[in-house]
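Asks: This one is model_21.cif, mmCIF, C-alpha atoms.
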data_upload
loop_
_atom_site.label_atom_id
_atom_site.label_comp_id
_atom_site.auth_asym_id
_atom_site.auth_seq_id
_atom_site.Cartn_x
_atom_site.Cartn_y
_atom_site.Cartn_z
CA MET A 113 -29.81 0.52 -42.50
CA GLU A 114 -26.17 1.08 -43.39
CA LEU A 115 -25.07 -0.95 -40.38
CA LEU A 116 -26.33 -4.08 -42.16
CA ASP A 117 -24.07 -3.34 -45.14
CA ALA A 118 -21.20 -2.75 -42.73
CA PHE A 119 -21.83 -6.07 -40.99
CA ARG A 120 -22.06 -7.91 -44.30
CA TRP A 121 -18.76 -6.31 -45.30
CA ARG A 122 -16.92 -7.22 -42.10
CA TYR A 123 -15.41 -10.59 -41.29
CA ALA A 124 -12.97 -11.90 -38.71
CA THR A 125 -9.83 -10.81 -40.56
CA LYS A 126 -7.13 -13.48 -40.43
CA LYS A 127 -4.31 -11.63 -42.15
CA TYR A 128 -3.50 -7.94 -42.06
CA ASP A 129 -1.46 -5.80 -44.42
CA SER A 130 1.09 -4.64 -41.86
CA ARG A 131 2.15 -1.68 -44.03
CA LYS A 132 -1.26 -0.05 -43.63
CA LYS A 133 -1.78 1.94 -40.44
CA ILE A 134 -5.13 3.31 -39.30
CA ASP A 135 -5.51 7.08 -39.02
CA GLN A 136 -5.63 8.18 -35.40
CA THR A 137 -8.95 9.96 -36.04
CA LEU A 138 -10.55 6.61 -36.93
CA VAL A 139 -9.02 4.86 -33.92
CA ASP A 140 -10.39 7.65 -31.73
CA LYS A 141 -13.90 7.09 -33.13
CA ILE A 142 -13.72 3.36 -32.45
CA LEU A 143 -12.60 4.08 -28.87
CA GLU A 144 -15.37 6.63 -28.52
CA ALA A 145 -17.96 4.00 -29.47
CA ALA A 146 -16.53 1.69 -26.77
CA TRP A 147 -16.54 4.58 -24.33
CA ILE A 148 -20.16 5.62 -24.95
CA ALA A 149 -21.47 2.03 -24.64
CA PRO A 150 -24.05 1.51 -21.89
CA THR A 151 -23.11 -0.67 -18.93
CA SER A 152 -24.95 -2.00 -15.90
CA SER A 153 -25.62 0.89 -13.47
CA GLY A 154 -23.29 3.01 -15.62
CA LEU A 155 -20.22 1.61 -13.87
CA GLN A 156 -18.13 1.05 -17.04
CA PRO A 157 -16.21 -1.63 -15.16
CA PHE A 158 -13.41 -2.11 -17.69
CA GLU A 159 -10.54 -0.41 -19.48
CA VAL A 160 -9.26 -0.59 -23.03
CA PHE A 161 -5.55 -0.90 -23.79
CA VAL A 162 -4.44 0.41 -27.17
CA ILE A 163 -1.20 -1.21 -28.25
CA THR A 164 0.87 -0.01 -31.19
CA ASN A 165 4.31 -0.84 -29.82
CA GLN A 166 5.62 -3.49 -32.22
CA GLU A 167 7.80 -5.25 -29.68
CA LEU A 168 4.89 -5.60 -27.27
CA LYS A 169 2.53 -6.82 -30.03
CA GLU A 170 5.10 -9.48 -30.96
CA LYS A 171 5.33 -10.62 -27.35
CA ILE A 172 1.55 -10.95 -27.26
CA VAL A 173 1.59 -13.27 -30.30
CA SER A 174 2.97 -16.01 -28.07
CA GLU A 175 -0.02 -15.65 -25.73
CA THR A 176 -2.42 -16.28 -28.62
CA ASN A 177 -1.35 -19.69 -29.91
CA ALA A 178 0.95 -17.97 -32.41
CA GLN A 179 -1.65 -15.85 -34.17
CA GLU A 180 0.60 -13.57 -36.22
CA LEU A 181 -2.24 -11.21 -37.00
CA VAL A 182 -1.73 -9.71 -33.55
CA ALA A 183 1.68 -8.46 -34.67
CA GLN A 184 0.54 -7.57 -38.21
CA CYS A 185 -2.41 -5.41 -37.21
CA SER A 186 -2.14 -1.63 -36.93
CA HIS A 187 -3.64 -1.22 -33.45
CA LEU A 188 -4.34 -3.95 -30.92
CA LEU A 189 -7.12 -3.26 -28.44
CA VAL A 190 -7.29 -5.30 -25.23
CA PHE A 191 -10.49 -5.10 -23.19
CA ALA A 192 -9.80 -5.73 -19.50
CA ALA A 193 -12.52 -5.85 -16.86
CA TRP A 194 -12.41 -5.01 -13.16
CA ASP A 195 -11.39 -8.09 -11.19
CA ASN A 196 -14.03 -7.24 -8.59
CA TYR A 197 -16.49 -4.54 -7.52
CA THR A 198 -15.44 -2.45 -4.53
CA ALA A 199 -17.10 0.38 -2.59
CA GLU A 200 -14.31 2.73 -3.73
CA ARG A 201 -14.88 1.94 -7.39
CA ILE A 202 -18.64 2.40 -7.13
CA ASP A 203 -18.31 5.64 -5.12
CA LYS A 204 -15.78 7.07 -7.55
CA ILE A 205 -18.10 6.54 -10.54
CA TYR A 206 -21.12 8.00 -8.75
CA ALA A 207 -19.13 11.03 -7.54
CA HIS A 208 -18.28 11.59 -11.21
CA ILE A 209 -21.94 11.14 -12.28
CA THR A 210 -23.34 13.58 -9.71
CA ALA A 211 -20.61 16.11 -10.57
CA GLY A 212 -21.34 15.67 -14.30
CA ARG A 213 -25.07 16.24 -13.75
CA GLU A 214 -24.55 18.98 -11.16
CA GLN A 215 -26.50 17.02 -8.58
CA ALA A 216 -26.06 16.73 -4.81
CA SER A 217 -23.26 14.28 -4.08
CA ASP A 218 -25.59 12.02 -2.07
CA ARG A 219 -28.24 11.98 -4.82
CA TYR A 220 -27.79 8.27 -5.58
CA ASN A 221 -26.74 7.02 -2.14
CA ALA A 222 -29.77 4.77 -1.67
CA TYR A 223 -29.08 3.24 -5.07
CA THR A 224 -25.34 2.75 -4.52
CA ASP A 225 -26.05 1.24 -1.09
CA ARG A 226 -28.23 -1.36 -2.79
CA LEU A 227 -25.52 -2.02 -5.37
CA LYS A 228 -22.85 -2.43 -2.71
CA ASN A 229 -25.11 -4.67 -0.66
CA LYS A 230 -25.55 -6.90 -3.68
CA TYR A 231 -22.02 -6.91 -5.15
CA LEU A 232 -19.86 -6.82 -2.05
CA ASN A 233 -21.59 -9.85 -0.57
CA ARG A 234 -21.07 -12.27 -3.40
CA PRO A 235 -18.06 -14.15 -4.80
CA THR A 236 -15.34 -12.25 -6.66
CA GLU A 237 -15.70 -14.60 -9.65
CA LEU A 238 -19.34 -13.64 -10.07
CA ASN A 239 -18.48 -9.94 -9.99
CA PHE A 240 -15.66 -10.37 -12.51
CA GLU A 241 -17.99 -12.31 -14.82
CA HIS A 242 -20.57 -9.53 -14.56
CA ALA A 243 -17.94 -6.87 -15.29
CA ALA A 244 -16.62 -8.95 -18.20
CA ARG A 245 -20.12 -9.11 -19.71
CA GLN A 246 -20.32 -5.31 -19.63
CA SER A 247 -17.04 -5.11 -21.51
CA TYR A 248 -18.61 -7.25 -24.26
CA ILE A 249 -21.16 -4.50 -24.94
CA ALA A 250 -18.32 -2.03 -25.51
CA PHE A 251 -16.42 -4.66 -27.52
CA SER A 252 -19.53 -5.01 -29.69
CA PHE A 253 -19.85 -1.23 -30.14
CA ALA A 254 -16.18 -0.98 -31.13
CA MET A 255 -16.70 -3.66 -33.80
CA ALA A 256 -19.79 -1.92 -35.13
CA GLU A 257 -17.96 1.40 -35.40
CA ALA A 258 -14.90 -0.23 -36.99
CA ALA A 259 -17.14 -1.87 -39.61
CA SER A 260 -18.98 1.38 -40.26
CA LEU A 261 -15.61 3.08 -40.88
CA ARG A 262 -14.52 0.12 -43.03
CA VAL A 263 -11.68 -0.68 -40.69
CA ASP A 264 -11.06 -4.42 -40.37
CA CYS A 265 -10.98 -6.16 -37.03
CA THR A 266 -10.71 -9.60 -35.47
CA PRO A 267 -12.67 -10.27 -32.30
CA MET A 268 -10.62 -12.70 -30.17
CA GLU A 269 -11.09 -14.69 -27.01
CA GLY A 270 -9.21 -17.94 -26.42
CA PHE A 271 -5.79 -16.56 -25.52
CA LEU A 272 -3.64 -17.06 -22.42
CA ASN A 273 -5.35 -14.51 -20.22
CA GLU A 274 -3.09 -14.83 -17.20
CA GLU A 275 0.08 -14.48 -19.25
CA LEU A 276 -1.30 -11.44 -21.03
CA ASP A 277 -2.38 -9.95 -17.71
CA LYS A 278 1.18 -10.23 -16.44
CA LEU A 279 2.61 -8.71 -19.59
CA LEU A 280 0.30 -5.69 -19.32
CA GLN A 281 0.64 -5.49 -15.52
CA LEU A 282 -3.10 -5.83 -15.13
CA PRO A 283 -3.18 -7.44 -11.65
CA GLU A 284 -1.60 -4.29 -10.16
CA LYS A 285 -4.49 -2.33 -11.65
CA GLY A 286 -7.17 -4.72 -10.44
CA LEU A 287 -7.96 -5.76 -14.01
CA LYS A 288 -8.17 -9.02 -15.95
CA SER A 289 -8.10 -9.33 -19.73
CA VAL A 290 -11.32 -10.45 -21.41
CA THR A 291 -11.09 -9.95 -25.18
CA MET A 292 -8.76 -8.59 -27.84
CA LEU A 293 -9.63 -6.64 -30.94
CA PRO A 294 -6.84 -6.27 -33.51
CA LEU A 295 -7.63 -3.40 -35.91
CA GLY A 296 -6.11 -2.80 -39.32
CA TYR A 297 -6.60 -3.42 -43.01
CA ARG A 298 -7.06 -6.83 -44.56
CA ASP A 299 -4.34 -8.41 -46.68
CA GLU A 300 -6.60 -9.01 -49.67
CA LYS A 301 -4.22 -11.35 -51.47
CA ASN A 302 -3.40 -13.62 -48.59
CA ASP A 303 -6.39 -13.85 -46.27
CA TRP A 304 -7.99 -17.28 -46.74
CA LEU A 305 -11.20 -16.25 -45.00
CA LEU A 306 -11.90 -13.16 -47.08
CA HIS A 307 -13.82 -14.86 -49.88
CA LEU A 308 -15.62 -17.48 -47.84
CA LYS A 309 -19.33 -16.94 -47.44
CA LYS A 310 -20.49 -15.69 -44.06
CA VAL A 311 -22.33 -18.41 -42.15
CA ARG A 312 -25.21 -17.57 -39.81
CA HIS A 313 -28.15 -19.54 -38.56
CA PRO A 314 -31.28 -18.88 -40.63
CA PHE A 315 -33.57 -16.24 -39.16
CA GLU A 316 -36.33 -18.71 -38.21
CA ASP A 317 -33.90 -20.97 -36.32
CA PHE A 318 -32.40 -18.12 -34.40
CA ILE A 319 -35.30 -15.85 -33.63
CA THR A 320 -38.56 -16.93 -31.98
CA ILE A 321 -41.46 -14.57 -32.47
CA ILE A 322 -44.35 -14.59 -29.99
CA GLU A 323 -47.08 -12.38 -31.42
CA MET B 83 -24.08 6.72 -41.09
CA ASN B 84 -23.02 8.51 -37.96
CA LEU B 85 -23.00 5.82 -35.33
CA ILE B 86 -21.41 7.97 -32.61
CA LYS B 87 -24.11 10.62 -33.04
CA GLN B 88 -26.84 8.00 -32.66
CA LEU B 89 -25.13 6.42 -29.67
CA ASN B 90 -25.19 9.83 -28.02
CA TRP B 91 -28.88 10.18 -28.90
CA ARG B 92 -29.83 6.91 -27.21
CA TYR B 93 -30.35 6.49 -23.49
CA ALA B 94 -31.75 3.80 -21.20
CA THR B 95 -35.40 4.72 -21.72
CA LYS B 96 -37.30 4.37 -18.44
CA ARG B 97 -40.83 5.08 -19.70
CA MET B 98 -42.24 4.25 -23.12
CA ASN B 99 -45.48 5.47 -24.70
CA GLY B 100 -46.84 2.29 -26.25
CA THR B 101 -46.38 3.37 -29.88
CA LYS B 102 -45.63 0.41 -32.13
CA VAL B 103 -42.30 0.22 -33.90
CA PRO B 104 -42.79 -0.37 -37.66
CA GLN B 105 -42.15 -3.99 -38.59
CA GLU B 106 -39.43 -3.14 -41.12
CA LYS B 107 -37.43 -1.41 -38.40
CA VAL B 108 -37.80 -4.39 -36.07
CA ASP B 109 -36.74 -6.68 -38.92
CA ARG B 110 -33.58 -4.67 -39.60
CA ILE B 111 -32.67 -4.62 -35.90
CA LEU B 112 -33.14 -8.41 -35.74
CA GLU B 113 -31.10 -8.90 -38.89
CA ALA B 114 -28.22 -6.88 -37.40
CA ILE B 115 -28.44 -9.07 -34.29
CA ARG B 116 -28.33 -12.17 -36.47
CA LEU B 117 -25.20 -10.90 -38.24
CA ALA B 118 -23.34 -10.19 -34.98
CA PRO B 119 -20.07 -12.10 -34.73
CA THR B 120 -19.74 -14.77 -32.05
CA SER B 121 -16.94 -17.06 -30.92
CA PHE B 122 -16.36 -19.74 -33.60
CA GLY B 123 -19.54 -18.42 -35.23
CA LEU B 124 -21.59 -20.88 -33.19
CA GLN B 125 -24.34 -18.38 -32.19
CA ALA B 126 -25.14 -20.42 -29.09
CA PHE B 127 -28.10 -18.29 -28.06
CA LYS B 128 -31.53 -17.31 -29.25
CA VAL B 129 -33.59 -14.16 -29.34
CA ILE B 130 -37.24 -14.32 -28.33
CA VAL B 131 -39.36 -11.43 -29.64
CA ILE B 132 -42.49 -10.78 -27.62
CA GLU B 133 -45.42 -8.60 -28.64
CA ASN B 134 -48.16 -10.57 -26.92
CA GLU B 135 -49.70 -8.36 -24.26
CA ALA B 136 -50.90 -11.13 -21.97
CA LEU B 137 -47.43 -12.62 -21.88
CA ARG B 138 -45.87 -9.22 -21.23
CA GLU B 139 -48.27 -8.75 -18.34
CA GLN B 140 -47.12 -12.10 -16.95
CA ILE B 141 -43.47 -11.10 -17.35
CA PHE B 142 -44.17 -7.80 -15.62
CA ASN B 143 -45.93 -9.49 -12.70
CA GLY B 144 -43.61 -12.45 -12.35
CA ALA B 145 -40.13 -11.56 -13.58
CA CYS B 146 -39.48 -7.88 -14.20
CA GLN B 147 -41.53 -5.08 -12.69
CA GLN B 148 -40.32 -2.32 -14.94
CA PRO B 149 -42.98 -0.32 -16.83
CA GLN B 150 -41.20 -0.65 -20.18
CA ILE B 151 -42.14 -4.34 -20.28
CA LYS B 152 -45.74 -3.26 -20.80
CA GLU B 153 -45.14 0.11 -22.47
CA ALA B 154 -42.69 -1.12 -25.10
CA SER B 155 -43.64 -2.14 -28.60
CA HIS B 156 -41.49 -5.29 -28.62
CA VAL B 157 -39.66 -7.07 -25.82
CA LEU B 158 -36.53 -8.95 -26.91
CA VAL B 159 -35.16 -11.64 -24.62
CA PHE B 160 -31.61 -12.86 -25.25
CA ALA B 161 -31.27 -16.43 -23.97
CA ALA B 162 -28.03 -18.41 -24.03
CA ASN B 163 -27.51 -22.15 -24.36
CA LYS B 164 -26.94 -23.84 -21.03
CA LYS B 165 -24.86 -26.61 -22.57
CA VAL B 166 -23.11 -26.93 -25.91
CA SER B 167 -23.63 -30.43 -27.29
CA GLN B 168 -21.82 -32.43 -29.96
CA VAL B 169 -25.12 -32.61 -31.88
CA GLN B 170 -25.25 -28.80 -31.94
CA VAL B 171 -21.64 -28.60 -33.15
CA ASP B 172 -22.32 -31.16 -35.88
CA GLU B 173 -25.42 -29.28 -37.03
CA TYR B 174 -23.27 -26.17 -37.22
CA MET B 175 -20.69 -28.02 -39.34
CA GLN B 176 -23.56 -29.01 -41.69
CA LEU B 177 -24.67 -25.38 -41.87
CA ILE B 178 -21.16 -24.22 -42.79
CA ALA B 179 -20.78 -27.01 -45.36
CA SER B 180 -24.11 -26.25 -47.03
CA THR B 181 -23.60 -22.45 -46.95
CA ARG B 182 -20.13 -22.69 -48.50
CA SER B 183 -20.89 -25.69 -50.74
CA ILE B 184 -18.10 -27.79 -49.30
CA SER B 185 -17.94 -31.26 -47.80
CA VAL B 186 -18.36 -31.53 -44.06
CA ASP B 187 -15.21 -33.70 -44.09
CA ASN B 188 -13.18 -30.59 -44.85
CA LEU B 189 -14.21 -29.21 -41.47
CA SER B 190 -12.82 -31.99 -39.27
CA GLY B 191 -10.04 -29.75 -37.88
CA PHE B 192 -12.49 -26.99 -37.07
CA ARG B 193 -14.91 -29.50 -35.57
CA ALA B 194 -12.18 -30.75 -33.25
CA ALA B 195 -11.66 -27.20 -31.98
CA PHE B 196 -14.99 -27.58 -30.17
CA ASP B 197 -13.92 -30.70 -28.24
CA GLY B 198 -12.82 -28.74 -25.18
CA ILE B 199 -16.07 -26.77 -25.16
CA VAL B 200 -18.32 -29.83 -25.50
CA ALA B 201 -16.34 -31.47 -22.67
CA GLY B 202 -16.83 -28.40 -20.45
CA THR B 203 -19.32 -28.14 -17.62
CA SER B 204 -22.67 -26.49 -18.16
CA GLU B 205 -21.56 -23.58 -15.92
CA GLN B 206 -18.56 -22.99 -18.20
CA ASN B 207 -20.64 -23.39 -21.34
CA TYR B 208 -23.38 -21.08 -20.16
CA ALA B 209 -20.90 -18.36 -19.09
CA TRP B 210 -19.26 -18.53 -22.53
CA CYS B 211 -22.57 -18.54 -24.44
CA ALA B 212 -23.87 -15.65 -22.32
CA ARG B 213 -20.81 -13.56 -23.23
CA GLN B 214 -21.55 -14.17 -26.92
CA ALA B 215 -25.15 -13.13 -26.36
CA TYR B 216 -23.82 -9.82 -25.04
CA ILE B 217 -22.14 -9.12 -28.37
CA ALA B 218 -25.49 -9.55 -30.13
CA PHE B 219 -27.19 -7.54 -27.37
CA GLY B 220 -24.70 -4.71 -28.02
CA VAL B 221 -25.45 -4.92 -31.73
CA GLY B 222 -29.18 -4.74 -30.97
CA ILE B 223 -28.67 -1.56 -28.94
CA THR B 224 -26.58 -0.06 -31.75
CA ALA B 225 -29.05 -1.01 -34.48
CA ALA B 226 -32.01 0.38 -32.53
CA ALA B 227 -30.17 3.69 -32.09
CA LEU B 228 -29.51 3.87 -35.84
CA GLU B 229 -33.21 3.25 -36.50
CA GLU B 230 -34.09 5.97 -33.96
CA VAL B 231 -35.97 3.41 -31.96
CA ASP B 232 -35.66 3.73 -28.19
CA ALA B 233 -34.35 0.75 -26.33
CA THR B 234 -33.76 -0.24 -22.73
CA PRO B 235 -31.05 -2.76 -21.97
CA MET B 236 -31.97 -4.73 -18.82
CA GLU B 237 -30.34 -7.30 -16.61
CA GLY B 238 -32.27 -6.86 -13.38
CA PHE B 239 -35.00 -9.48 -13.68
CA SER B 240 -35.70 -12.88 -12.20
CA VAL B 241 -33.97 -15.31 -14.52
CA ASP B 242 -35.75 -18.34 -13.05
CA ALA B 243 -39.19 -16.79 -13.42
CA LEU B 244 -38.54 -15.64 -16.98
CA ASP B 245 -37.09 -19.03 -17.96
CA LYS B 246 -40.26 -20.70 -16.69
CA LEU B 247 -42.63 -18.28 -18.41
CA LEU B 248 -40.89 -18.70 -21.75
CA LYS B 249 -40.25 -22.43 -21.26
CA LEU B 250 -36.56 -21.84 -21.90
CA GLU B 251 -35.23 -24.69 -19.78
CA GLU B 252 -36.83 -27.24 -22.15
CA GLN B 253 -34.94 -25.60 -25.00
CA ASN B 254 -31.54 -25.77 -23.28
CA LEU B 255 -31.70 -21.99 -22.80
CA SER B 256 -31.60 -19.51 -19.95
CA ALA B 257 -32.35 -15.78 -20.17
CA VAL B 258 -29.36 -13.42 -20.11
CA THR B 259 -30.70 -9.96 -20.95
CA ILE B 260 -33.82 -8.09 -22.06
CA LEU B 261 -33.95 -5.30 -24.63
CA THR B 262 -37.25 -3.45 -24.83
CA LEU B 263 -37.93 -1.57 -28.08
CA GLY B 264 -40.37 1.30 -28.37
CA TYR B 265 -40.62 5.06 -28.12
CA ARG B 266 -39.84 7.32 -25.17
CA ASP B 267 -42.63 8.88 -23.11
CA GLU B 268 -41.07 12.34 -22.93
CA ALA B 269 -43.54 13.72 -20.39
CA ASN B 270 -42.97 10.97 -17.83
CA ASP B 271 -39.40 9.81 -18.32
CA GLN B 272 -37.18 11.47 -15.73
CA LEU B 273 -34.06 10.34 -17.50
CA VAL B 274 -34.90 11.85 -20.88
CA ASN B 275 -33.10 15.12 -20.19
CA ALA B 276 -30.42 13.80 -17.84
CA LYS B 277 -26.91 14.38 -19.08
CA LYS B 278 -25.19 11.21 -20.25
CA VAL B 279 -22.22 10.65 -17.98
CA ARG B 280 -19.25 8.46 -18.78
CA LYS B 281 -15.81 8.13 -17.19
CA ASN B 282 -13.22 10.60 -18.37
CA LYS B 283 -11.99 9.29 -21.70
CA GLU B 284 -8.39 9.21 -20.53
CA SER B 285 -9.32 6.88 -17.68
CA LEU B 286 -10.97 4.39 -20.05
CA SER B 287 -8.08 3.91 -22.47
CA GLU B 288 -4.38 3.43 -21.96
CA PHE B 289 -2.00 3.73 -24.89
CA LYS B 290 1.07 1.52 -25.17
#
Could you write out this file's structure as structure tokens?

Replies:
Amino acid sequence: MELLDAFRWRYATKKYDSRKKIDQTLVDKILEAAWIAPTSSGLQPFEVFVITNQELKEKIVSETNAQELVAQCSHLLVFAAWDNYTAERIDKIYAHITAGREQASDRYNAYTDRLKNKYLNRPTELNFEHAARQSYIAFSFAMAEAASLRVDCTPMEGFLNEELDKLLQLPEKGLKSVTMLPLGYRDEKNDWLLHLKKVRHPFEDFITIIE
Amino acid sequence: MNLIKQLNWRYATKRMNGTKVPQEKVDRILEAIRLAPTSFGLQAFKVIVIENEALREQIFNGACQQPQIKEASHVLVFAANKKVSQVQVDEYMQLIASTRSISVDNLSGFRAAFDGIVAGTSEQNYAWCARQAYIAFGVGITAAALEEVDATPMEGFSVDALDKLLKLEEQNLSAVTILTLGYRDEANDQLVNAKKVRKNKESLSEFK
């Protein structure tokens, strides 16, 4: 499987060649992979911000413990999940699904009633965490597509989420940042991680087989 | 490799026909999962691969009454660590040192980066580990699609019941997701011909 070669090729790039920009057609494919990713009940409870504005990227560096790669990369993706589930959000998605499948608009009402009954009666934090997990599937798909196109990327958590949220005006949109994915091309001469061997737990420690 | 094409081919298979997936395909899917990136590279989760029919029957009856549990070829359970311990971090430092032929002393700075995580509560640790498991889960879905193996990503099961059946608690683990692998039952799967619907692309991405 070529995906295995792509995964062996990829690594969490630490330094980008800022002169190299990614073709828009490749960026579009990476976004398409994130877009097509499956999510719980098909709600796609997240959005992806695509940042190329240099000034904005430089501002974001200070929310990442000074990781310059955020400014050096070609495109910075920010995955931001819904801060909560609401009846309006669920209804909007299912109106779109029934329209897309040319079905009666009440086709899934029993199902969406069950969803609302579950989600709207539990804490906001739990709903955000659930939405955030869905965004990780898309995050994963974007990384897989980037690797298959031989575009470098750096999956990132561990940044100042609230500061970034303010900078991108996410609270007004009912969103909270979850992960970042800088995209670009590695700086082969200066990236200290490039030639270090990939470390993973051995198969038998990581996978339990019950025959 | 046309990943997008295969991701359009896949769908959440609701009925499977019991056909076994060739072992080499399962092995490649598992290898892709193993190679998935995770925060700090810690891989604080495990994948349990179940073929055993009696156990699948128990899972179906006690934790997840979806027919794919029994109709699939392999049932993969992604289970995340409930707590990250210093012992686990130190074992990981040993793994890095031996893989890269360096002294573990060179990793003291990196080791210290885990201090905040080890000091965290088990709720915080589990939430973080579960998110990492989702990356590998996503890779599993992708790899299955490339192998033209049908797969059903699942969350809706009884975590407590599944944890008990698989004795996960004793291993500092708790189930996060299930991915069944097998082949679609075209005659009985209502979803097989349903159009895949996603949000309008412009509402998913915002360019700045």

Asks: Chain A residues within 6 Å of chain B, counting only C-alpha atoms: which ones, as an MDAnalysis selection string?

Replies: chainID A and resid 116 159:163 209 213 245 248:249 252 309 311 318:323

Asks: Can you translate the PyMOL selection byres ((chain A and resi 268) around 9) into the concrete residues it hits in this file, as a ChimeraX atom specification?

Replies: /A:124,266-267,269-271,291-294 /B:121

Asks: What is the distance between CA of Gln281 in chain A and CA of Lys126 in chain A, in Å to one decimal?

Replies: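 For CA of Gln281 in chain A relative to CA of Lys126 in chain A, the distance reads 27.3 Å.
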
Asks: What is the distance between CA of Ala162 in chain B and CA of Gln253 in chain B, in Å to one decimal?

Replies: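 According to the coordinates, CA of Ala162 in chain B and CA of Gln253 in chain B are separated by 10.0 Å.
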
Asks: Taking the file as shown, find all residues satisfying the PyMOL selection byres ((chain B and resi 100) around 12) and write them as a list in words.

Replies: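 With the PyMOL selection byres ((chain B and resi 100) around 12) on this model, the match is Arg97, Met98, Asn99, Thr101, Lys102, Val103, Glu133, Glu135, Pro149, Gln150, Ile151, Lys152, Glu153, Ala154, Ser155, His156, Val157, Asp232, Thr262, Leu263, Gly264, Tyr265, Arg266 and Asp267 of chain B.
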
Asks: Taking (-7.7, -19.6, -18.0) in the file's coordinates as the center, which residues reach within 12 Å of it, counting all atoms listed in the file, put as a list in words?

Replies: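 Here the neighbourhood of the point contains Glu175, Glu269, Gly270, Phe271, Leu272, Asn273, Glu274, Glu275, Leu276, Asp277, Lys288, Ser289 and Val290 of chain A; Gln206 of chain B.
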
Asks: Determine the residue set returned by the PyMOL selection byres ((chain A and resi 133) around 8) for the present structure, and present it as a list of chain:residue names.

Replies: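 Checking the PyMOL selection byres ((chain A and resi 133) around 8) against this file, the residues are A:Ser130, A:Arg131, A:Lys132, A:Ile134, A:Asp135, A:Ser186, A:His187, A:Gly296, A:Tyr297.
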
Asks: Any idea what the distance is between CA of Thr95 in chain B and CA of Gly144 in chain B?

Replies: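 Between CA of Thr95 in chain B and CA of Gly144 in chain B the gap is 21.2 Å.
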
Asks: Applying 9 Å and only C-alpha atoms, which residues near Leu279 in chain A remain after dropping the ones on its own chain fewer than 5 positions away? List them as a PyMOL selection string.

Replies: chain A and resi 168+171-172+274

Asks: Counting all atoms listed in the file, what is within 10 Å of Asp129 in chain A, bar same-chain residues fewer than 5 positions away, as a list of chain:residue names?

Replies: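 That gives A:Leu181, A:Gln184, A:Cys185, A:Ser186, A:Gly296, A:Tyr297, A:Arg298, A:Asp299, A:Glu300, A:Lys301, A:Asn302, A:Asp303.
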
Asks: How would you write as a VMD selection string the residues that get within 12 Å of (-26.3, 11.5, -4.0) in the file's frame, counting only C-alpha atoms?

Replies: chain A and resid 203 to 211 213 to 225

Asks: Supply range 223-235 of chain A as a short mmCIF file (atom, residue, chain, number, x, y, z; two decimals), in the frame of the given file, with N, CA and C atoms built in where the input has gaps.

Replies:
data_model
loop_
_atom_site.label_atom_id
_atom_site.label_comp_id
_atom_site.auth_asym_id
_atom_site.auth_seq_id
_atom_site.Cartn_x
_atom_site.Cartn_y
_atom_site.Cartn_z
N TYR A 223 -29.32 4.17 -3.97
CA TYR A 223 -29.08 3.24 -5.07
C TYR A 223 -27.72 2.56 -4.92
N THR A 224 -26.68 3.36 -4.63
CA THR A 224 -25.34 2.75 -4.52
C THR A 224 -25.25 1.84 -3.28
N ASP A 225 -26.02 2.16 -2.25
CA ASP A 225 -26.05 1.24 -1.09
C ASP A 225 -26.61 -0.12 -1.49
N ARG A 226 -27.65 -0.09 -2.32
CA ARG A 226 -28.23 -1.36 -2.79
C ARG A 226 -27.23 -2.12 -3.65
N LEU A 227 -26.53 -1.38 -4.51
CA LEU A 227 -25.52 -2.02 -5.37
C LEU A 227 -24.42 -2.68 -4.53
N LYS A 228 -23.94 -1.91 -3.55
CA LYS A 228 -22.85 -2.43 -2.71
C LYS A 228 -23.33 -3.65 -1.93
N ASN A 229 -24.55 -3.56 -1.42
CA ASN A 229 -25.11 -4.67 -0.66
C ASN A 229 -25.17 -5.94 -1.51
N LYS A 230 -25.46 -5.76 -2.77
CA LYS A 230 -25.55 -6.90 -3.68
C LYS A 230 -24.14 -7.39 -4.08
N TYR A 231 -23.30 -6.49 -4.57
CA TYR A 231 -22.02 -6.91 -5.15
C TYR A 231 -20.97 -7.29 -4.12
N LEU A 232 -20.96 -6.59 -2.99
CA LEU A 232 -19.86 -6.82 -2.05
C LEU A 232 -20.10 -8.06 -1.18
N ASN A 233 -21.29 -8.65 -1.35
CA ASN A 233 -21.59 -9.85 -0.57
C ASN A 233 -21.66 -11.11 -1.43
N ARG A 234 -21.06 -11.06 -2.57
CA ARG A 234 -21.07 -12.27 -3.40
C ARG A 234 -19.66 -12.55 -3.93
N PRO A 235 -19.43 -13.77 -4.44
CA PRO A 235 -18.06 -14.15 -4.80
C PRO A 235 -17.42 -13.24 -5.86
#
